[in-house]
Amino acid sequence: MRVDLLTKEYPPEVYGGAGVHVAELTRVLRRHIDVQVRCFGGPRDEDGTTAYPEPAELADANAALRTFGTDLAIAADCAGADLLHSHTWYANLAGHLGSLLHGAPHVLSAHSLEPLRPWKAEQLGGGYALSSYAERTAYEGAAGLIAVSAGMREDILRSYPQVDPQRVHVVHNGIDVDDWAPNPATDALTARGIDPEAPTVVFVGRITRQKGLPYFLRAARELPAGVQVVLCAGAPDTPEIAAEVDSLVRELQSTRTGVHLISEHLPRHELTQVLSHATTFVCPSVYEPLGIVNLEAMACGIPVVATATGGIPEVVVDGETGDLVHLDQEQDGTGTPRDPDTFVRDLAAALTRMVADPERARRMGEASRRHAAEHFSWESIGERTLEVYRTVLEAGRP
């Protein structure tokens, strides 16, 4: 079986959870089948991987339109594949068109949904209408859809009622517990002035409305004195949210010590140090289909304080591997808290409980690593993905 895996992100050009997912899934699938990766960006030197730059003639066009240009080039090259598997709206159109052109079924993985990210209109302008069109067309035409959580499956069926529920399969994200493991080294911390022994709350994520960072920065005002805050946060979606976060960080730094902002993308061996020496991880997302960052933190042996939204409750076991914070959200697609002050207060209280009881946090951290290893190994995720491929191919046979 040859599967062409279509994606915007692929190492070394990875900036989010979808890119991590694709890289790990490719690695495990190649043990069983022929996988040809077709990705965006600069040339790759990996066998079986082809990269596609944006067309030069669209250099001055809207970003979404440039994406479409790359999708056309990818679709043209998929001849000979038994199945096409696309990830995120960036590559969904390539999968849809490639399926029509070459007669191979198209499976897509849903890592997020454009109708539930309306703030992207700030980032893409009219391009948001294009990204929404590409996603809707691909979802309604796909032979199979993979949701990374049961919560995401519900979101798909609610957002795209034309999709046949029988075509939507749940396969969680995975984690490599050998790569993501407790790291006793401290050089990456001390080089940045971070105290490895101090009680610490860590946030890791892009600066986007989805990740809820401004809510955490407000909650951090209420943390006990002496608690460090480490923010591994970069790649802002828009100048507006970048300015908002920068203002909140500067305000926090003016009122308490131990607030560290790391804007660059940390290599894994450094990020595992940051996670391993923290008391707890925080995930204040208002929209999160699953949250691979939570799995990374859990595999490093720390508990998670997270919003009880999307697929997060399928990863974080409340009271066992961390604490979930209830969020009463608007149902208009934005996920905005109906009572932001209550959400901030509840988040601050949950974090305070965690850092105030280091023994409880330690026990939860041990449980977190066990849970990640037992339920989210990439080998099992690869096996489930292959099952989806076989189901789709069998359904297409006369």
# chains A, B, ... in the order shown; residues from 1 in each chain; ligands from 1
call {"tool": "closest_atom_pairs", "arguments": {"of": "segment 203-261 of chain A", "to": "segment 283-292 of chain A", "cutoff": "6 Å", "atoms": "only C-alpha atoms", "output": "CSV"}}
result
residue,atom,partner,partner_atom,distance
A:Gln210,CA,A:Tyr287,CA,5.2
A:Lys211,CA,A:Ser285,CA,4.1
A:Gly212,CA,A:Ser285,CA,4.6
call {"tool": "select_by_dssp", "arguments": {"residues": "segment 315-388 of chain A", "states": "strand (DSSP E or B)", "output": "PyMOL selection string"}}
result
chain A and resi 318+322-325+329+337+377
call {"tool": "write_last_selection", "arguments": {"atoms": "C-alpha atoms", "output": "PDB file, in the first residue's frame"}}
result
ATOM      1  CA  ASP A 318      -9.261  15.203  36.462  1.00  0.00           C
ATOM      2  CA  GLY A 322      -4.038  17.038  36.789  1.00  0.00           C
ATOM      3  CA  ASP A 323      -6.935  19.386  37.424  1.00  0.00           C
ATOM      4  CA  LEU A 324      -9.547  20.524  34.917  1.00  0.00           C
ATOM      5  CA  VAL A 325     -11.003  24.021  35.106  1.00  0.00           C
ATOM      6  CA  GLN A 329     -18.124  29.292  26.697  1.00  0.00           C
ATOM      7  CA  PRO A 337     -15.566  32.657  28.210  1.00  0.00           C
ATOM      8  CA  SER A 377       1.880   5.420  22.255  1.00  0.00           C
TER       9      SER A 377
END
call {"tool": "residues_around", "arguments": {"residues": "segment 390-393 of chain A", "least_positions_apart": "2", "cutoff": "8 Å", "atoms": "only C-alpha atoms", "output": "VMD selection string"}}
result
chain A and resid 83 105 143 to 144 386 to 388 395 to 397
call {"tool": "closest_residue", "arguments": {"among": "A:His85, A:His32, A:Arg38, A:Arg117", "to": "Thr336 of chain A", "atoms": "only C-alpha atoms"}}
result
A:Arg117
call {"tool": "residues_around", "arguments": {"residues": "Glu114 of chain A", "least_positions_apart": "6", "cutoff": "9 Å", "atoms": "only C-alpha atoms", "output": "list of chain:residue names"}}
result
A:Trp89, A:Lys120, A:Tyr128, A:Ser131, A:Ser132, A:Glu135, A:Arg136
call {"tool": "select_by_dssp", "arguments": {"residues": "segment 230-271 of chain A", "states": "alpha helix (DSSP H)", "output": "ChimeraX atom specification"}}
result
/A:239-255,268-271
call {"tool": "residues_around", "arguments": {"residues": "His111 of chain A", "least_positions_apart": "6", "cutoff": "9 Å", "atoms": "only C-alpha atoms", "output": "list in words"}}
result
Gly17, Ala18, His87, Thr88, Ile146, Ala147, Val148, Met152, Glu288, Pro289 and Leu290 of chain A
call {"tool": "atom_distance", "arguments": {"atom1": "atom CA of Phe376 of chain A", "atom2": "atom CA of Glu13 of chain A"}}
result
24.0 Å
call {"tool": "closest_residue", "arguments": {"among": "A:Gln166, A:Thr186, A:Thr279, A:Thr272", "to": "Gln228 of chain A", "atoms": "only C-alpha atoms"}}
result
A:Thr279
call {"tool": "residues_around", "arguments": {"residues": "Leu295 of chain A", "least_positions_apart": "5", "cutoff": "9 Å", "atoms": "only C-alpha atoms", "output": "PyMOL selection string"}}
result
chain A and resi 173-175+180+300+315-316+368-369+372+376
call {"tool": "atom_distance", "arguments": {"atom1": "atom CA of Thr7 of chain A", "atom2": "atom CA of Ala76 of chain A"}}
result
14.8 Å
call {"tool": "closest_residue", "arguments": {"among": "A:Arg353, A:Arg209, A:His269, A:Arg31", "to": "Glu240 of chain A", "atoms": "only C-alpha atoms"}}
result
A:Arg209
call {"tool": "residues_around", "arguments": {"residues": "Val28 of chain A", "least_positions_apart": "6", "cutoff": "12 Å", "atoms": "only C-alpha atoms", "output": "PDB file with N, CA and C atoms, in the first residue's frame"}}
result
ATOM      1  N   HIS A  21       2.514  15.825  14.976  1.00  0.00           N
ATOM      2  CA  HIS A  21       1.696  14.639  14.690  1.00  0.00           C
ATOM      3  C   HIS A  21       2.129  13.998  13.375  1.00  0.00           C
ATOM      4  N   VAL A  22       2.255  14.790  12.328  1.00  0.00           N
ATOM      5  CA  VAL A  22       2.594  14.254  11.011  1.00  0.00           C
ATOM      6  C   VAL A  22       3.968  13.587  11.034  1.00  0.00           C
ATOM      7  N   ASP A  34       4.396   1.919   2.407  1.00  0.00           N
ATOM      8  CA  ASP A  34       5.128   2.950   1.669  1.00  0.00           C
ATOM      9  C   ASP A  34       4.431   4.290   1.896  1.00  0.00           C
ATOM     10  N   VAL A  35       5.125   5.242   2.518  1.00  0.00           N
ATOM     11  CA  VAL A  35       4.573   6.575   2.760  1.00  0.00           C
ATOM     12  C   VAL A  35       5.400   7.600   1.995  1.00  0.00           C
ATOM     13  N   GLY A 174      -0.618  11.007  19.502  1.00  0.00           N
ATOM     14  CA  GLY A 174       0.240  10.140  20.295  1.00  0.00           C
ATOM     15  C   GLY A 174       1.428  10.889  20.864  1.00  0.00           C
ATOM     16  N   ILE A 175       2.240  10.163  21.620  1.00  0.00           N
ATOM     17  CA  ILE A 175       3.438  10.733  22.225  1.00  0.00           C
ATOM     18  C   ILE A 175       4.502   9.643  22.288  1.00  0.00           C
ATOM     19  N   ASP A 176       5.744  10.003  22.013  1.00  0.00           N
ATOM     20  CA  ASP A 176       6.865   9.081  22.152  1.00  0.00           C
ATOM     21  C   ASP A 176       7.464   9.296  23.534  1.00  0.00           C
ATOM     22  N   SER A 377       0.655   5.764  22.971  1.00  0.00           N
ATOM     23  CA  SER A 377       1.880   5.420  22.255  1.00  0.00           C
ATOM     24  C   SER A 377       1.657   5.570  20.755  1.00  0.00           C
ATOM     25  N   TRP A 378       2.695   5.980  20.027  1.00  0.00           N
ATOM     26  CA  TRP A 378       2.553   6.182  18.591  1.00  0.00           C
ATOM     27  C   TRP A 378       2.336   4.877  17.836  1.00  0.00           C
ATOM     28  N   GLU A 379       2.852   3.789  18.344  1.00  0.00           N
ATOM     29  CA  GLU A 379       2.641   2.512  17.675  1.00  0.00           C
ATOM     30  C   GLU A 379       1.153   2.178  17.643  1.00  0.00           C
ATOM     31  N   SER A 380       0.449   2.399  18.756  1.00  0.00           N
ATOM     32  CA  SER A 380      -0.982   2.110  18.772  1.00  0.00           C
ATOM     33  C   SER A 380      -1.746   3.099  17.898  1.00  0.00           C
ATOM     34  N   ILE A 381      -1.307   4.353  17.855  1.00  0.00           N
ATOM     35  CA  ILE A 381      -1.970   5.342  16.993  1.00  0.00           C
ATOM     36  C   ILE A 381      -1.760   4.976  15.535  1.00  0.00           C
ATOM     37  N   GLY A 382      -0.553   4.493  15.193  1.00  0.00           N
ATOM     38  CA  GLY A 382      -0.285   4.054  13.831  1.00  0.00           C
ATOM     39  C   GLY A 382      -1.156   2.879  13.421  1.00  0.00           C
ATOM     40  N   GLU A 383      -1.336   1.932  14.326  1.00  0.00           N
ATOM     41  CA  GLU A 383      -2.179   0.763  14.038  1.00  0.00           C
ATOM     42  C   GLU A 383      -3.627   1.183  13.792  1.00  0.00           C
ATOM     43  N   ARG A 384      -4.119   2.123  14.596  1.00  0.00           N
ATOM     44  CA  ARG A 384      -5.501   2.585  14.410  1.00  0.00           C
ATOM     45  C   ARG A 384      -5.651   3.336  13.091  1.00  0.00           C
ATOM     46  N   THR A 385      -4.628   4.095  12.723  1.00  0.00           N
ATOM     47  CA  THR A 385      -4.671   4.824  11.449  1.00  0.00           C
ATOM     48  C   THR A 385      -4.696   3.854  10.278  1.00  0.00           C
ATOM     49  N   LEU A 386      -3.885   2.799  10.344  1.00  0.00           N
ATOM     50  CA  LEU A 386      -3.900   1.782   9.295  1.00  0.00           C
ATOM     51  C   LEU A 386      -5.270   1.118   9.197  1.00  0.00           C
TER      52      LEU A 386
END
call {"tool": "atom_distance", "arguments": {"atom1": "atom CA of Pro340 of chain A", "atom2": "atom CA of Gln253 of chain A"}}
result
22.0 Å
call {"tool": "closest_residue", "arguments": {"among": "A:Gly301, A:Gly80, A:Gly19, A:Pro199", "to": "Ala356 of chain A", "atoms": "only C-alpha atoms"}}
result
A:Pro199
call {"tool": "closest_residue", "arguments": {"among": "A:Ala349, A:Val37, A:Ile207, A:Leu217", "to": "Pro239 of chain A", "atoms": "only C-alpha atoms"}}
result
A:Ile207
call {"tool": "closest_residue", "arguments": {"among": "A:Phe40, A:Arg30, A:Pro53, A:Ser109", "to": "Pro11 of chain A", "atoms": "only C-alpha atoms"}}
result
A:Phe40
